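Student: Below is one structure. I have some questions about it.
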Amino acid sequence: MVDRRQAIGAQTTVVFSLIILVAIVTITRWTNSSMITGSFPKKSILLGTSQTYSSEFDCSRNCSDISPLVNISTGNNVPSESCPEYFKWIHEDLRPWEVTGITKEMIEKAKKKAHLNLVIVDGRVYIEKFKKAYHTRDAVTIWGILQLLRMYPGKLPDVDLMFECGDRPVIKKHDYGRSKALKPPTPMFHYSGDDSSFDIVFPDWSFWGWPELNILPWEILKEDLEEANSRIKWSDREPYAYWKGNPRLGLARRDLVKCNASDWNTRIDKVDWGHETKHGFKTADLASQCTHRYKIYVEGVSWSVSEKYILACDSMSLIINPHYYDFFTRSLLPTIHYWPINEQSKCESIKFAVEWGNKHMNKAQEIGKAGSKYVQEQLIMKYVYDYMFHLLNEYSKLLKYKPSVPLRAIEVCSETMVCSVEGSIKKFRINSMVKDPVNSSPCTMPSPYYPAELEDFLGRKQNLTQQVRTLEESGNLELQP
């Protein structure tokens with residue numbers, strides 16, 4: 001009897017142990033899967049088709065072991081809509097090579113200033129790095145292009161380009177003179193441009209998140225900002241102009257700090273990113289900063305990625321006369337999407353803008369919401385990827401040679417870029433990853449500006465700004481521009 005009970009007890013112990021073992025294996029697999037497919041507490045970034053990419057990566061494989069993504073079109077693609085107006089600037093940025101095209105010699109000359117050479121051949125991406133970029137700008141930029149290939153598999157042409165990941169444009173117009181007989185400029189992709197440079201403007205890294213500063217991928221953060229806008233009625237917001245950032249980056253920011261006083265209707269919060277990093281970014285949440293009727297945008301070393309976050313807040317954006325632009329900001333209009341601030345007299349200009357806005361609250365709110373609508377609707381990630389697609393596609397048409405893999409280049413793919421990192425960087429990559437190929441074509445590119453059309457547009461921007469300057473000089477708060 002005792003032997004039988006012992007046998008039954010032993011069998012029960014074995015069965016129970018097996019159950020525990022299965023549970024441990026299941027949990028372990030789930031945990032490993034979560035490390036590769038884990039997410040922020042948000043919905044997936046992009047909607048796609050019923051064909052979904054695998055969410056699990058085999059980290060034992062190299063890029064060369066993985067077949068390139070192919071065009072899976074079934075012929076039932078949803079018709080594409082028209083691209084936003086700012087896509088017209090693609091034609092303008094590539095105009096310097098419209099006649100001559102781009103030769104391999106031109107690309108090679110860019111090595112001296114570039115951070116990296118990126119080549120796409122038959123749907124595979126190859127990278128040769130020349131120097132280290134700040135934080136992980138270069139890696140996140142590469143990641144973004146890999147996601148473009150996942151979104152439009154098999155549709156991107158072969159390209160060979162040089163990319164500069166610093167703050168300021170590097171291909172200066174004065175180095176090439178005014179004579180048409182001179183050689184065309186060196187083609188260089190970059191995050192920003194200005195009127196004195198030839199840099200080809202490309203979406204910056206922050207659209208896929210900035211893990212070092214805990215700034216979430218744009219599609220997630222955009223929703224957070226939209227939600228934040230509904231928490232406080234516009235009329236109940238603080239009736240002041242607000243800026244939060246690092247004042248040590250650039251003369252304009254150091255000058256802005258002087259306006260931090262009640263007399264100027266301005267509130268300035270200085271950010272110490274070193275302190276924020278050590279304390280978990282507790283006071284740097286961007287979605288918690290949509291609490292004032294007016295928000296200030298000021299450039300740092302050059303353009304700043306913060307402009308889209310400021311515009312998205314529904315506040316009337318007070319933009320201190322910018323000298324640089326990124327790919328979407330050139331189509332913004334003063335008094336329509338933002339209020340222009342005179343950089344030569346920042347404090348006085350901001351003070352007038354706040355007093356005018358508080359006097360004409362409906363109009364000020366209308367300007368704020370127009371700027372917010374612009375980035376919420378025209379800067380969705382679908383359009384960011386479409387801009388990248390069209391820019392690379394138009395650029396490829398200018399190449400006078402067939403791109404080939406550089407001798408020192410290494411192949412990169414989404415799998416290895418996720419498997420090679422840990423912590424927040426891995427999390428950001430997973431959560432900015434394109435989950436599905438889309439079942440529509442990229443939006444339809446607008447035609448280039450006619451010379452007279454472009455002149456009229458730029459003239460309109462200048463005239464609208466001048467109307468505000470005239471108002472400021474008059475000191476009359478009753479009038480509207």
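Ordering of the structure tokens sets the chain letters (A, B, ...); residue numbers start at 1 within each chain; ligands are numbered from 1 in the order shown.
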Within 10 Å of stretch 466-471 of chain A, counting only C-alpha atoms, which residues qualify if same-chain residues fewer than 6 places away don't, as a ChimeraX atom specification?
Tutor: /A:334-335,339-342,349,352-353,356,460,477-481
Student: Using DSSP on the backbone, list every residue of stretch 70-238 of chain A that comes out as strand (DSSP E or B), and give them as a PyMOL selection string.
Tutor: chain A and resi 78+82+102+116-121+124-129+159-163+172+189-190+193+197+200-201+210+215+238
Student: Hey, can you check how far atom CA of A:Leu156 sits from atom CA of A:Phe198?
Tutor: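 Interatomic distance, atom CA of A:Leu156 to atom CA of A:Phe198: 24.0 Å.
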Student: Check the smallest atom-to-atom distance from each of A:Ser206, A:Pro184, A:Thr329, A:Trp264 to A:Glu98 using only C-alpha atoms, then report the winner.
Tutor: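 Closest candidate: A:Pro184.
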Student: Identify which of the residues A:Lys155, A:Lys427, A:Arg267, A:Lys346 lies closest to A:Val121, counting only C-alpha atoms when measuring atom-to-atom distances.
Tutor: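 Ranking A:Lys155, A:Lys427, A:Arg267, A:Lys346 by distance to A:Val121, first place goes to A:Lys155.
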Student: Do a neighbour search on A:Val70 at 10 Å with only C-alpha atoms, toss out local chain neighbours closer than 2 positions, and write the hits as a ChimeraX atom specification.
Tutor: /A:67-68,72-73,122-123,149-150,152-155
Student: For those residues, write N, CA and C atoms to a file as a short mmCIF file (atom, residue, chain, number, x, y, z; two decimals), in the first residue's frame.
Tutor:
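File again.cif, as written:
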data_model
loop_
_atom_site.label_atom_id
_atom_site.label_comp_id
_atom_site.auth_asym_id
_atom_site.auth_seq_id
_atom_site.Cartn_x
_atom_site.Cartn_y
_atom_site.Cartn_z
N SER A 67 16.71 36.79 -47.94
CA SER A 67 16.31 37.20 -49.28
C SER A 67 15.85 38.65 -49.26
N PRO A 68 16.18 39.43 -50.29
CA PRO A 68 15.71 40.82 -50.33
C PRO A 68 14.19 40.87 -50.45
N ILE A 72 5.21 42.73 -53.70
CA ILE A 72 4.16 41.73 -53.55
C ILE A 72 2.83 42.21 -54.11
N SER A 73 2.86 43.24 -54.95
CA SER A 73 1.63 43.83 -55.47
C SER A 73 0.77 42.78 -56.16
N ASP A 122 19.70 46.27 -55.94
CA ASP A 122 18.77 45.13 -55.97
C ASP A 122 18.05 44.94 -54.63
N GLY A 123 17.65 46.05 -54.04
CA GLY A 123 16.87 45.97 -52.81
C GLY A 123 17.67 45.73 -51.55
N LEU A 149 12.25 50.53 -47.40
CA LEU A 149 12.29 49.33 -48.24
C LEU A 149 11.27 48.29 -47.79
N ARG A 150 10.97 48.25 -46.50
CA ARG A 150 9.94 47.34 -46.01
C ARG A 150 8.55 47.83 -46.39
N TYR A 152 7.78 49.76 -49.10
CA TYR A 152 7.60 49.63 -50.56
C TYR A 152 8.61 48.62 -51.11
N PRO A 153 8.46 47.35 -50.75
CA PRO A 153 9.44 46.34 -51.17
C PRO A 153 9.52 46.20 -52.68
N GLY A 154 10.75 46.16 -53.17
CA GLY A 154 10.97 45.96 -54.59
C GLY A 154 10.66 47.15 -55.48
N LYS A 155 10.32 48.28 -54.90
CA LYS A 155 9.93 49.43 -55.71
C LYS A 155 10.99 50.53 -55.78
#
Student: Restricting the calculation to only C-alpha atoms, which member of A:Glu453, A:Asp224, A:Asp386, A:Asp160 is positioned closest to A:Glu81?
Tutor: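 So, comparing all the options, the nearest one is A:Asp386.
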Student: Rounded to one decimal place, report the atom CA of A:Tyr240-atom CA of A:Asn265 distance in Å.
Tutor: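 Separating atom CA of A:Tyr240 from atom CA of A:Asn265 is a distance of 5.2 Å.
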